[in-house]
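Engineer: This one is run_7.cif, mmCIF, C-alpha atoms and all ligand atoms.
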```cif
data_final
#
loop_
_atom_site.group_PDB
_atom_site.id
_atom_site.type_symbol
_atom_site.label_atom_id
_atom_site.label_comp_id
_atom_site.auth_asym_id
_atom_site.auth_seq_id
_atom_site.Cartn_x
_atom_site.Cartn_y
_atom_site.Cartn_z
ATOM 1 C CA MET A 178 -45.739 -14.414 -20.769
ATOM 2 C CA ARG A 179 -48.209 -12.312 -18.817
ATOM 3 C CA THR A 180 -47.414 -11.843 -15.128
ATOM 4 C CA LYS A 181 -49.953 -13.522 -12.855
ATOM 5 C CA ILE A 182 -51.355 -11.855 -9.758
ATOM 6 C CA VAL A 183 -51.551 -13.486 -6.337
ATOM 7 C CA PHE A 184 -54.693 -12.476 -4.477
ATOM 8 C CA THR A 185 -57.433 -13.700 -2.187
ATOM 9 C CA GLU A 186 -60.403 -11.753 -0.877
ATOM 10 C CA LYS A 187 -59.443 -12.969 2.582
ATOM 11 C CA CYS A 188 -57.036 -10.000 2.782
ATOM 12 C CA LEU A 189 -59.993 -7.588 2.715
ATOM 13 C CA GLY A 190 -61.415 -8.695 6.052
ATOM 14 C CA TYR A 191 -59.993 -6.098 8.445
ATOM 15 C CA GLY A 192 -59.274 -2.412 9.010
ATOM 16 C CA SER A 193 -61.936 -0.714 6.889
ATOM 17 C CA TRP A 194 -61.524 2.557 8.864
ATOM 18 C CA HIS A 195 -57.731 2.734 8.357
ATOM 19 C CA VAL A 196 -55.841 4.494 5.528
ATOM 20 C CA GLU A 197 -54.219 1.100 4.848
ATOM 21 C CA GLY A 198 -57.726 -0.314 4.370
ATOM 22 C CA PRO A 199 -59.259 -3.046 2.193
ATOM 23 C CA GLU A 200 -60.695 -0.665 -0.424
ATOM 24 C CA ARG A 201 -57.259 0.102 -1.889
ATOM 25 C CA VAL A 202 -56.679 -3.554 -2.723
ATOM 26 C CA ARG A 203 -60.315 -4.398 -3.553
ATOM 27 C CA LYS A 204 -60.464 -1.643 -6.155
ATOM 28 C CA ALA A 205 -57.051 -2.529 -7.600
ATOM 29 C CA HIS A 206 -58.193 -6.153 -7.913
ATOM 30 C CA GLU A 207 -61.380 -5.045 -9.691
ATOM 31 C CA ILE A 208 -59.388 -2.980 -12.194
ATOM 32 C CA LEU A 209 -56.886 -5.755 -12.869
ATOM 33 C CA SER A 210 -59.691 -8.331 -13.231
ATOM 34 C CA GLY A 211 -61.241 -6.063 -15.852
ATOM 35 C CA LYS A 212 -57.951 -6.092 -17.749
ATOM 36 C CA GLY A 213 -57.917 -9.878 -17.967
ATOM 37 C CA TYR A 214 -55.115 -10.777 -15.578
ATOM 38 C CA GLU A 215 -54.966 -14.313 -14.234
ATOM 39 C CA PHE A 216 -55.107 -14.711 -10.447
ATOM 40 C CA LEU A 217 -53.555 -17.290 -8.128
ATOM 41 C CA LYS A 218 -54.666 -17.995 -4.571
ATOM 42 C CA PRO A 219 -51.984 -17.947 -1.870
ATOM 43 C CA GLU A 220 -51.530 -20.143 1.181
ATOM 44 C CA GLN A 221 -50.340 -18.943 4.570
ATOM 45 C CA ALA A 222 -46.623 -18.805 5.250
ATOM 46 C CA SER A 223 -45.488 -21.427 7.762
ATOM 47 C CA GLU A 224 -43.933 -20.383 11.057
ATOM 48 C CA ASP A 225 -40.612 -21.680 9.701
ATOM 49 C CA ASP A 226 -40.951 -19.283 6.755
ATOM 50 C CA LEU A 227 -41.566 -16.364 9.139
ATOM 51 C CA LEU A 228 -38.715 -17.384 11.444
ATOM 52 C CA ARG A 229 -36.183 -17.058 8.620
ATOM 53 C CA VAL A 230 -36.682 -13.301 9.032
ATOM 54 C CA HIS A 231 -38.320 -12.598 12.398
ATOM 55 C CA ASP A 232 -37.469 -13.625 15.954
ATOM 56 C CA SER A 233 -39.778 -16.045 17.735
ATOM 57 C CA GLU A 234 -40.562 -13.456 20.468
ATOM 58 C CA TYR A 235 -41.847 -11.079 17.807
ATOM 59 C CA LEU A 236 -43.970 -13.812 16.190
ATOM 60 C CA TRP A 237 -45.453 -14.561 19.582
ATOM 61 C CA ALA A 238 -46.219 -10.874 20.164
ATOM 62 C CA VAL A 239 -48.042 -10.582 16.804
ATOM 63 C CA LYS A 240 -49.974 -13.770 17.588
ATOM 64 C CA LYS A 241 -51.047 -12.389 20.958
ATOM 65 C CA GLY A 242 -51.975 -8.984 19.514
ATOM 66 C CA LEU A 243 -49.308 -7.177 21.527
ATOM 67 C CA VAL A 244 -47.914 -5.075 18.703
ATOM 68 C CA GLU A 245 -50.170 -2.038 18.529
ATOM 69 C CA ASP A 246 -48.527 1.306 17.769
ATOM 70 C CA GLY A 247 -49.745 4.713 16.603
ATOM 71 C CA ASP A 248 -49.957 3.649 12.929
ATOM 72 C CA THR A 249 -50.330 -0.095 13.179
ATOM 73 C CA PRO A 250 -53.354 -1.499 15.039
ATOM 74 C CA ALA A 251 -53.422 -4.922 16.674
ATOM 75 C CA TYR A 252 -56.480 -6.113 14.724
ATOM 76 C CA ASP A 253 -58.225 -9.345 15.711
ATOM 77 C CA ASN A 254 -56.522 -12.250 13.927
ATOM 78 C CA ILE A 255 -53.845 -10.000 12.409
ATOM 79 C CA PHE A 256 -51.349 -12.852 12.781
ATOM 80 C CA GLU A 257 -53.419 -14.906 10.299
ATOM 81 C CA TYR A 258 -53.818 -12.001 7.852
ATOM 82 C CA ALA A 259 -50.110 -11.161 8.017
ATOM 83 C CA ARG A 260 -49.151 -14.806 7.521
ATOM 84 C CA LEU A 261 -51.332 -15.001 4.438
ATOM 85 C CA SER A 262 -49.751 -11.860 2.978
ATOM 86 C CA ALA A 263 -46.297 -13.347 3.621
ATOM 87 C CA GLY A 264 -47.423 -16.639 2.016
ATOM 88 C CA ALA A 265 -48.607 -14.704 -1.048
ATOM 89 C CA ALA A 266 -45.164 -13.106 -1.381
ATOM 90 C CA ILE A 267 -43.563 -16.564 -1.175
ATOM 91 C CA LEU A 268 -45.858 -17.832 -3.949
ATOM 92 C CA ALA A 269 -45.122 -14.733 -6.054
ATOM 93 C CA ALA A 270 -41.386 -15.434 -5.655
ATOM 94 C CA LYS A 271 -41.846 -19.054 -6.657
ATOM 95 C CA VAL A 272 -43.852 -18.420 -9.827
ATOM 96 C CA LYS A 273 -42.542 -14.900 -10.699
ATOM 97 C CA ALA A 274 -45.849 -13.169 -10.051
ATOM 98 C CA PHE A 275 -47.216 -10.013 -8.437
ATOM 99 C CA SER A 276 -48.566 -10.325 -4.888
ATOM 100 C CA LEU A 277 -51.586 -8.025 -4.522
ATOM 101 C CA MET A 278 -52.105 -8.504 -0.805
ATOM 102 C CA ARG A 279 -52.170 -6.658 2.520
ATOM 103 C CA PRO A 280 -50.862 -5.938 5.091
ATOM 104 C CA PRO A 281 -47.672 -4.516 3.554
ATOM 105 C CA GLY A 282 -44.277 -5.341 5.043
ATOM 106 C CA HIS A 283 -41.199 -3.269 4.263
ATOM 107 C CA HIS A 284 -41.145 -1.142 7.461
ATOM 108 C CA VAL A 285 -40.942 -4.082 9.820
ATOM 109 C CA GLY A 286 -37.560 -5.412 10.936
ATOM 110 C CA ARG A 287 -36.516 -8.596 12.677
ATOM 111 C CA ASN A 288 -38.213 -7.651 15.959
ATOM 112 C CA GLY A 289 -40.794 -5.122 14.853
ATOM 113 C CA ILE A 290 -39.873 -1.432 14.729
ATOM 114 C CA ALA A 291 -36.717 -1.018 12.620
ATOM 115 C CA LEU A 292 -33.791 1.410 12.725
ATOM 116 C CA GLY A 293 -35.314 3.687 15.349
ATOM 117 C CA ALA A 294 -38.520 4.495 13.448
ATOM 118 C CA SER A 295 -41.500 5.703 15.461
ATOM 119 C CA THR A 296 -43.870 2.901 14.356
ATOM 120 C CA ARG A 297 -44.115 -0.176 12.147
ATOM 121 C CA GLY A 298 -45.921 1.863 9.465
ATOM 122 C CA PHE A 299 -48.898 -0.503 8.851
ATOM 123 C CA CYS A 300 -46.601 -3.576 8.651
ATOM 124 C CA TYR A 301 -46.527 -6.853 10.645
ATOM 125 C CA PHE A 302 -44.227 -9.272 8.781
ATOM 126 C CA ASN A 303 -41.688 -8.285 6.143
ATOM 127 C CA ASN A 304 -43.269 -10.041 3.161
ATOM 128 C CA VAL A 305 -40.565 -9.298 0.599
ATOM 129 C CA ALA A 306 -37.784 -10.355 2.995
ATOM 130 C CA ILE A 307 -39.610 -13.605 3.801
ATOM 131 C CA ALA A 308 -40.034 -14.317 0.080
ATOM 132 C CA VAL A 309 -36.371 -13.552 -0.669
ATOM 133 C CA LYS A 310 -35.273 -15.861 2.160
ATOM 134 C CA SER A 311 -37.587 -18.599 0.881
ATOM 135 C CA LEU A 312 -35.780 -18.601 -2.471
ATOM 136 C CA ASP A 313 -32.362 -18.257 -0.810
ATOM 137 C CA LYS A 314 -30.676 -16.975 -3.974
ATOM 138 C CA PRO A 315 -28.563 -13.854 -4.554
ATOM 139 C CA THR A 316 -31.217 -11.167 -4.972
ATOM 140 C CA LEU A 317 -31.589 -7.524 -5.870
ATOM 141 C CA ILE A 318 -34.459 -5.941 -3.950
ATOM 142 C CA LEU A 319 -35.707 -2.797 -5.657
ATOM 143 C CA ASP A 320 -37.980 -0.816 -3.339
ATOM 144 C CA ILE A 321 -40.082 1.717 -5.251
ATOM 145 C CA ASP A 322 -42.456 2.579 -2.402
ATOM 146 C CA GLY A 323 -42.425 6.286 -1.537
ATOM 147 C CA HIS A 324 -41.182 5.522 1.977
ATOM 148 C CA HIS A 325 -37.788 4.045 2.802
ATOM 149 C CA GLY A 326 -37.969 0.317 3.577
ATOM 150 C CA ASN A 327 -36.203 0.583 6.905
ATOM 151 C CA GLY A 328 -37.269 -2.938 7.904
ATOM 152 C CA THR A 329 -35.870 -4.498 4.749
ATOM 153 C CA GLN A 330 -32.625 -2.550 5.148
ATOM 154 C CA GLU A 331 -32.296 -3.668 8.782
ATOM 155 C CA ILE A 332 -32.872 -7.320 7.840
ATOM 156 C CA PHE A 333 -30.387 -7.426 4.955
ATOM 157 C CA ARG A 334 -27.726 -4.848 5.911
ATOM 158 C CA GLY A 335 -24.369 -6.622 5.672
ATOM 159 C CA ASP A 336 -25.860 -9.678 3.902
ATOM 160 C CA ASN A 337 -23.670 -10.167 0.851
ATOM 161 C CA LYS A 338 -26.317 -12.269 -0.891
ATOM 162 C CA VAL A 339 -28.697 -9.318 -1.165
ATOM 163 C CA THR A 340 -28.449 -5.833 -2.628
ATOM 164 C CA TYR A 341 -31.153 -3.430 -1.485
ATOM 165 C CA VAL A 342 -31.938 -0.363 -3.609
ATOM 166 C CA SER A 343 -34.550 2.135 -2.442
ATOM 167 C CA LEU A 344 -35.879 5.328 -4.043
ATOM 168 C CA HIS A 345 -38.042 7.262 -1.621
ATOM 169 C CA ARG A 346 -39.214 10.694 -0.571
ATOM 170 C CA HIS A 347 -37.131 12.677 1.908
ATOM 171 C CA PRO A 348 -37.803 14.129 4.413
ATOM 172 C CA GLU A 349 -40.583 11.669 5.197
ATOM 173 C CA TYR A 350 -41.498 8.818 7.548
ATOM 174 C CA PRO A 351 -39.589 6.715 8.707
ATOM 175 C CA GLY A 352 -36.700 9.187 8.432
ATOM 176 C CA THR A 353 -34.097 6.572 7.459
ATOM 177 C CA GLY A 354 -32.407 5.936 4.106
ATOM 178 C CA THR A 355 -30.741 9.318 3.781
ATOM 179 C CA VAL A 356 -27.397 7.723 2.844
ATOM 180 C CA SER A 357 -26.241 4.431 1.341
ATOM 181 C CA GLU A 358 -24.679 1.904 3.675
ATOM 182 C CA GLY A 359 -22.756 -1.079 2.268
ATOM 183 C CA ASN A 360 -25.201 -3.276 0.344
ATOM 184 C CA CYS A 361 -28.105 -0.865 0.965
ATOM 185 C CA LEU A 362 -28.216 1.842 -1.703
ATOM 186 C CA ASN A 363 -30.528 4.722 -0.899
ATOM 187 C CA TYR A 364 -31.809 7.471 -3.164
ATOM 188 C CA PRO A 365 -33.750 10.100 -1.208
ATOM 189 C CA LEU A 366 -35.815 12.244 -3.577
ATOM 190 C CA PRO A 367 -37.613 15.582 -3.195
ATOM 191 C CA ARG A 368 -41.412 15.732 -2.895
ATOM 192 C CA ASP A 369 -43.244 15.706 -6.251
ATOM 193 C CA CYS A 370 -40.022 15.475 -8.279
ATOM 194 C CA GLY A 371 -41.980 14.066 -11.260
ATOM 195 C CA ASP A 372 -41.591 11.216 -13.773
ATOM 196 C CA THR A 373 -38.471 12.411 -15.600
ATOM 197 C CA PHE A 374 -36.457 13.213 -12.494
ATOM 198 C CA TYR A 375 -37.518 9.906 -10.920
ATOM 199 C CA LEU A 376 -36.596 7.734 -13.902
ATOM 200 C CA LYS A 377 -33.198 9.437 -14.151
ATOM 201 C CA ALA A 378 -32.578 8.618 -10.479
ATOM 202 C CA LEU A 379 -33.653 5.018 -11.101
ATOM 203 C CA ASP A 380 -31.287 4.731 -14.079
ATOM 204 C CA LYS A 381 -28.464 6.042 -11.917
ATOM 205 C CA ALA A 382 -29.338 3.610 -9.126
ATOM 206 C CA LEU A 383 -29.470 0.591 -11.415
ATOM 207 C CA CYS A 384 -26.185 1.612 -13.068
ATOM 208 C CA THR A 385 -24.353 1.236 -9.779
ATOM 209 C CA VAL A 386 -25.619 -2.315 -9.219
ATOM 210 C CA ASP A 387 -23.389 -5.213 -10.231
ATOM 211 C CA LYS A 388 -25.851 -7.251 -12.318
ATOM 212 C CA GLY A 389 -23.616 -10.313 -12.244
ATOM 213 C CA LYS A 390 -24.045 -10.480 -8.479
ATOM 214 C CA PHE A 391 -27.679 -11.507 -8.326
ATOM 215 C CA GLU A 392 -29.904 -14.170 -9.866
ATOM 216 C CA VAL A 393 -33.327 -12.826 -8.894
ATOM 217 C CA ALA A 394 -34.963 -9.390 -8.791
ATOM 218 C CA ALA A 395 -37.602 -8.665 -6.142
ATOM 219 C CA VAL A 396 -39.625 -5.463 -6.358
ATOM 220 C CA SER A 397 -41.146 -3.941 -3.225
ATOM 221 C CA ALA A 398 -43.919 -2.373 -5.252
ATOM 222 C CA GLY A 399 -45.424 0.598 -3.467
ATOM 223 C CA PHE A 400 -47.525 3.137 -5.339
ATOM 224 C CA ASP A 401 -47.769 5.926 -2.759
ATOM 225 C CA THR A 402 -45.314 7.803 -5.003
ATOM 226 C CA HIS A 403 -48.308 8.434 -7.295
ATOM 227 C CA ASP A 404 -49.146 12.119 -7.685
ATOM 228 C CA GLY A 405 -51.151 13.213 -4.635
ATOM 229 C CA ASP A 406 -50.726 9.987 -2.627
ATOM 230 C CA LEU A 407 -49.207 9.687 0.839
ATOM 231 C CA ALA A 408 -45.541 9.988 -0.198
ATOM 232 C CA SER A 409 -46.154 11.641 -3.555
ATOM 233 C CA LEU A 410 -43.231 12.040 -5.905
ATOM 234 C CA GLY A 411 -45.667 13.382 -8.480
ATOM 235 C CA LEU A 412 -45.508 10.182 -10.552
ATOM 236 C CA THR A 413 -47.996 9.215 -13.268
ATOM 237 C CA GLU A 414 -48.677 5.884 -14.971
ATOM 238 C CA LYS A 415 -45.928 6.789 -17.432
ATOM 239 C CA ALA A 416 -43.317 6.468 -14.674
ATOM 240 C CA TYR A 417 -44.575 3.031 -13.600
ATOM 241 C CA ARG A 418 -44.395 1.835 -17.183
ATOM 242 C CA GLY A 419 -40.819 3.164 -17.312
ATOM 243 C CA ILE A 420 -39.970 1.394 -14.060
ATOM 244 C CA GLY A 421 -41.358 -1.865 -15.492
ATOM 245 C CA ARG A 422 -39.197 -1.485 -18.588
ATOM 246 C CA ARG A 423 -36.088 -0.922 -16.499
ATOM 247 C CA VAL A 424 -36.822 -3.903 -14.256
ATOM 248 C CA ALA A 425 -37.228 -6.073 -17.367
ATOM 249 C CA GLY A 426 -33.857 -4.715 -18.533
ATOM 250 C CA LEU A 427 -32.196 -6.470 -15.586
ATOM 251 C CA LYS A 428 -33.046 -9.738 -17.380
ATOM 252 C CA LYS A 429 -33.544 -11.754 -14.213
ATOM 253 C CA PRO A 430 -36.447 -13.821 -12.910
ATOM 254 C CA THR A 431 -38.542 -11.181 -11.146
ATOM 255 C CA PHE A 432 -41.373 -10.998 -8.660
ATOM 256 C CA PHE A 433 -43.335 -8.112 -7.155
ATOM 257 C CA VAL A 434 -44.839 -7.575 -3.708
ATOM 258 C CA LEU A 435 -47.355 -4.811 -2.976
ATOM 259 C CA GLU A 436 -46.338 -2.266 -0.331
ATOM 260 C CA GLY A 437 -48.154 1.105 -0.087
ATOM 261 C CA GLY A 438 -50.438 3.061 -2.408
ATOM 262 C CA TYR A 439 -53.647 4.342 -0.888
ATOM 263 C CA SER A 440 -55.962 5.086 -3.808
ATOM 264 C CA GLY A 441 -57.186 1.732 -5.140
ATOM 265 C CA GLU A 442 -57.983 3.204 -8.538
ATOM 266 C CA SER A 443 -54.412 4.466 -8.985
ATOM 267 C CA VAL A 444 -52.909 1.283 -7.534
ATOM 268 C CA GLY A 445 -54.799 -0.853 -10.074
ATOM 269 C CA LYS A 446 -53.841 1.329 -13.026
ATOM 270 C CA ASP A 447 -50.243 1.728 -11.854
ATOM 271 C CA ILE A 448 -49.779 -2.032 -11.432
ATOM 272 C CA ASP A 449 -51.101 -2.528 -14.962
ATOM 273 C CA ALA A 450 -48.703 0.144 -16.271
ATOM 274 C CA LEU A 451 -45.757 -1.396 -14.372
ATOM 275 C CA LEU A 452 -46.506 -4.888 -15.680
ATOM 276 C CA LYS A 453 -47.143 -3.670 -19.235
ATOM 277 C CA GLY A 454 -43.759 -1.920 -19.188
ATOM 278 C CA PHE A 455 -42.160 -5.040 -17.743
ATOM 279 C CA GLU A 456 -43.728 -7.378 -20.285
ATOM 280 C CA ALA A 457 -43.145 -5.143 -23.301
ATOM 281 C CA SER A 458 -39.407 -5.436 -22.764
ATOM 282 C CA GLY A 459 -39.258 -8.927 -21.259
HETATM 283 ZN ZN ZN B 501 -45.084 3.852 1.572
#
```
I need this file expressed as structure tokens, please.
Structural biologist:
Amino acid sequence: MRTKIVFTEKCLGYGSWHVEGPERVRKAHEILSGKGYEFLKPEQASEDDLLRVHDSEYLWAVKKGLVEDGDTPAYDNIFEYARLSAGAAILAAKVKAFSLMRPPGHHVGRNGIALGASTRGFCYFNNVAIAVKSLDKPTLILDIDGHHGNGTQEIFRGDNKVTYVSLHRHPEYPGTGTVSEGNCLNYPLPRDCGDTFYLKALDKALCTVDKGKFEVAAVSAGFDTHDGDLASLGLTEKAYRGIGRRVAGLKKPTFFVLEGGYSGESVGKDIDALLKGFEASG
């Protein structure tokens, strides 16, 4: 069955001057529409959904616009946008779909900045964590964004229901994820390592995971690993297809949540490659 995509144009309404701007998602949506994908409209996450991951003080601060940092502006109504992105991730988890929404989430921890990072890296609520908590099942989170998901690691470190696996560029923002810690397995990779090197690292990472331990796979799907993007690992569409095949090989109900990826054209094509790889083997 073809993976559906969760999207609403409401996520395009802010931040047009920022690198994490609406064009990246608008263009990706246009490309995926042209390829015949079916789209689902999300609803906002409830405050109870958000509170399974974040503290109430942090929710209040986002609501009041008190969370500006050097990378992450306090846009008007960002609480509503961030809630909708979290709600889209919850829907994607429920129906095993791909959430094509912004803002992204994996750098934000329980109370905002995570594990000593300098900023929240364009993130407000940790969408993938909120979605995983909404299902409340043993889950493998595979984070393929080019940056380490320090927020996701902070939220789930020591949680024996969740295994977190991240492949990311090092050295690079946020500077975490250089070693594995307990249930958080980290694979720092050199800049522009290329498709073959990357897929070998992914095979190694997935080999170490006890597949009997989890019932669901969640993919933090960032595409800034694409050749020339913000955290380039020199990847091409071929790598995303290979990632999709490997995720399908886990043989678990799977959902995907967009993280980074700053060229909309590449994001659209890479999502299609990832899902084609996933479906070809599913
Ligand atoms: Zn990233």
Engineer: Between A:Pro348, A:Gln221, A:Phe302, A:Ser210, which residue has the minimum interatomic distance to Ala238 of chain A, considering only C-alpha atoms?
Structural biologist: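 Result for the nearest residue to Ala238 of chain A: A:Phe302.
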Engineer: Run the PyMOL selection byres (((chain A and resi 282-289) around 9) and not hetatm) on the file and write out the hits as a PDB file with C-alpha atoms, keeping the file's coordinate frame.
Structural biologist:
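Result saved to selection02.pdb:
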```pdb
ATOM      1  CA  VAL A 230     -36.682 -13.301   9.032  1.00  0.00           C
ATOM      2  CA  HIS A 231     -38.320 -12.598  12.398  1.00  0.00           C
ATOM      3  CA  ASP A 232     -37.469 -13.625  15.954  1.00  0.00           C
ATOM      4  CA  SER A 233     -39.778 -16.045  17.735  1.00  0.00           C
ATOM      5  CA  GLU A 234     -40.562 -13.456  20.468  1.00  0.00           C
ATOM      6  CA  TYR A 235     -41.847 -11.079  17.807  1.00  0.00           C
ATOM      7  CA  LEU A 236     -43.970 -13.812  16.190  1.00  0.00           C
ATOM      8  CA  VAL A 244     -47.914  -5.075  18.703  1.00  0.00           C
ATOM      9  CA  ALA A 259     -50.110 -11.161   8.017  1.00  0.00           C
ATOM     10  CA  SER A 262     -49.751 -11.860   2.978  1.00  0.00           C
ATOM     11  CA  ALA A 263     -46.297 -13.347   3.621  1.00  0.00           C
ATOM     12  CA  ARG A 279     -52.170  -6.658   2.520  1.00  0.00           C
ATOM     13  CA  PRO A 280     -50.862  -5.938   5.091  1.00  0.00           C
ATOM     14  CA  PRO A 281     -47.672  -4.516   3.554  1.00  0.00           C
ATOM     15  CA  ILE A 290     -39.873  -1.432  14.729  1.00  0.00           C
ATOM     16  CA  ALA A 291     -36.717  -1.018  12.620  1.00  0.00           C
ATOM     17  CA  LEU A 292     -33.791   1.410  12.725  1.00  0.00           C
ATOM     18  CA  ALA A 294     -38.520   4.495  13.448  1.00  0.00           C
ATOM     19  CA  THR A 296     -43.870   2.901  14.356  1.00  0.00           C
ATOM     20  CA  ARG A 297     -44.115  -0.176  12.147  1.00  0.00           C
ATOM     21  CA  GLY A 298     -45.921   1.863   9.465  1.00  0.00           C
ATOM     22  CA  PHE A 299     -48.898  -0.503   8.851  1.00  0.00           C
ATOM     23  CA  CYS A 300     -46.601  -3.576   8.651  1.00  0.00           C
ATOM     24  CA  TYR A 301     -46.527  -6.853  10.645  1.00  0.00           C
ATOM     25  CA  PHE A 302     -44.227  -9.272   8.781  1.00  0.00           C
ATOM     26  CA  ASN A 303     -41.688  -8.285   6.143  1.00  0.00           C
ATOM     27  CA  ASN A 304     -43.269 -10.041   3.161  1.00  0.00           C
ATOM     28  CA  VAL A 305     -40.565  -9.298   0.599  1.00  0.00           C
ATOM     29  CA  ALA A 306     -37.784 -10.355   2.995  1.00  0.00           C
ATOM     30  CA  ASP A 320     -37.980  -0.816  -3.339  1.00  0.00           C
ATOM     31  CA  ASP A 322     -42.456   2.579  -2.402  1.00  0.00           C
ATOM     32  CA  HIS A 324     -41.182   5.522   1.977  1.00  0.00           C
ATOM     33  CA  HIS A 325     -37.788   4.045   2.802  1.00  0.00           C
ATOM     34  CA  GLY A 326     -37.969   0.317   3.577  1.00  0.00           C
ATOM     35  CA  ASN A 327     -36.203   0.583   6.905  1.00  0.00           C
ATOM     36  CA  GLY A 328     -37.269  -2.938   7.904  1.00  0.00           C
ATOM     37  CA  THR A 329     -35.870  -4.498   4.749  1.00  0.00           C
ATOM     38  CA  GLN A 330     -32.625  -2.550   5.148  1.00  0.00           C
ATOM     39  CA  GLU A 331     -32.296  -3.668   8.782  1.00  0.00           C
ATOM     40  CA  ILE A 332     -32.872  -7.320   7.840  1.00  0.00           C
ATOM     41  CA  PRO A 351     -39.589   6.715   8.707  1.00  0.00           C
ATOM     42  CA  SER A 397     -41.146  -3.941  -3.225  1.00  0.00           C
ATOM     43  CA  LEU A 435     -47.355  -4.811  -2.976  1.00  0.00           C
ATOM     44  CA  GLU A 436     -46.338  -2.266  -0.331  1.00  0.00           C
TER      45      GLU A 436
END
```
Engineer: Which of these residues is nearest to Gly198 of chain A, using all atoms listed in the file: A:Ala222, A:Leu451, A:Leu317, A:Met278?
Structural biologist: A:Met278
Engineer: To one decimal in Å, tell me the separation between atom CA of Ala266 of chain A and atom CA of Lys310 of chain A.
Structural biologist: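 Value for the atom CA of Ala266 of chain A-atom CA of Lys310 of chain A distance: 10.9 Å.
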Engineer: Please provide as an MDAnalysis selection string all residues within 12 Å of Leu209 of chain A, with the sequence filter that same-chain residues fewer than 2 positions apart are discarded (counting all atoms listed in the file).
Structural biologist: chainID A and resid 180:184 202:207 211:216 275 277 441:450 452:453
Engineer: Using all atoms listed in the file, which of the listed residues (A:Asp225, A:Glu245, A:Glu197, A:Asp404) sits closest to Cys370 of chain A?
Structural biologist: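 Ranked by minimum distance to Cys370 of chain A, first place goes to A:Asp404.
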Engineer: Between A:Lys218, A:Lys187, A:Lys240, A:His345, which is the closest to ligand ZN 501 (chain B) once you count all atoms listed in the file?
Structural biologist: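 Using all atoms listed in the file, ligand ZN 501 (chain B) sits closest to A:His345.
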Engineer: Using atom CA of Ala378 of chain A and atom CA of Tyr364 of chain A as the two end points, give the distance in Å to one decimal.
Structural biologist: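 About the pair atom CA of Ala378 of chain A and atom CA of Tyr364 of chain A: they are 7.4 Å apart.
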Engineer: Hey, what's within 6 Å of Gly438 of chain A if we count all atoms listed in the file and toss same-chain stuff fewer than 2 positions away? As a PDB file with C-alpha atoms, in the coordinates of the input, please?
Structural biologist:
```pdb
ATOM      1  CA  GLY A 399     -45.424   0.598  -3.467  1.00  0.00           C
ATOM      2  CA  PHE A 400     -47.525   3.137  -5.339  1.00  0.00           C
ATOM      3  CA  ASP A 401     -47.769   5.926  -2.759  1.00  0.00           C
ATOM      4  CA  VAL A 444     -52.909   1.283  -7.534  1.00  0.00           C
TER       5      VAL A 444
END
```
Engineer: Written as a PyMOL selection string, what is the full residue list that the PyMOL selection byres (((chain A and resi 412) around 10) and not hetatm) yields on the file shown?
Structural biologist: chain A and resi 369-376+400-406+409-411+413-417+447
Engineer: For the residues selected in the previous step, produce a file with C-alpha atoms as a PDB file, keeping the file's coordinate frame.
Structural biologist:
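Saved the output as result.pdb:
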```pdb
ATOM      1  CA  ASP A 369     -43.244  15.706  -6.251  1.00  0.00           C
ATOM      2  CA  CYS A 370     -40.022  15.475  -8.279  1.00  0.00           C
ATOM      3  CA  GLY A 371     -41.980  14.066 -11.260  1.00  0.00           C
ATOM      4  CA  ASP A 372     -41.591  11.216 -13.773  1.00  0.00           C
ATOM      5  CA  THR A 373     -38.471  12.411 -15.600  1.00  0.00           C
ATOM      6  CA  PHE A 374     -36.457  13.213 -12.494  1.00  0.00           C
ATOM      7  CA  TYR A 375     -37.518   9.906 -10.920  1.00  0.00           C
ATOM      8  CA  LEU A 376     -36.596   7.734 -13.902  1.00  0.00           C
ATOM      9  CA  PHE A 400     -47.525   3.137  -5.339  1.00  0.00           C
ATOM     10  CA  ASP A 401     -47.769   5.926  -2.759  1.00  0.00           C
ATOM     11  CA  THR A 402     -45.314   7.803  -5.003  1.00  0.00           C
ATOM     12  CA  HIS A 403     -48.308   8.434  -7.295  1.00  0.00           C
ATOM     13  CA  ASP A 404     -49.146  12.119  -7.685  1.00  0.00           C
ATOM     14  CA  GLY A 405     -51.151  13.213  -4.635  1.00  0.00           C
ATOM     15  CA  ASP A 406     -50.726   9.987  -2.627  1.00  0.00           C
ATOM     16  CA  SER A 409     -46.154  11.641  -3.555  1.00  0.00           C
ATOM     17  CA  LEU A 410     -43.231  12.040  -5.905  1.00  0.00           C
ATOM     18  CA  GLY A 411     -45.667  13.382  -8.480  1.00  0.00           C
ATOM     19  CA  THR A 413     -47.996   9.215 -13.268  1.00  0.00           C
ATOM     20  CA  GLU A 414     -48.677   5.884 -14.971  1.00  0.00           C
ATOM     21  CA  LYS A 415     -45.928   6.789 -17.432  1.00  0.00           C
ATOM     22  CA  ALA A 416     -43.317   6.468 -14.674  1.00  0.00           C
ATOM     23  CA  TYR A 417     -44.575   3.031 -13.600  1.00  0.00           C
ATOM     24  CA  ASP A 447     -50.243   1.728 -11.854  1.00  0.00           C
TER      25      ASP A 447
END
```
Engineer: Atom CA of Gly354 of chain A to atom CA of Ala408 of chain A: how many Å, to one decimal?
Structural biologist: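 So the two atoms, atom CA of Gly354 of chain A and atom CA of Ala408 of chain A, lie 14.4 Å apart.
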Engineer: Using only C-alpha atoms for the distances, tell me which of A:Ser440, A:Thr431, A:Asn254, A:Ser276 is nearest to Leu319 of chain A.
Structural biologist: A:Thr431
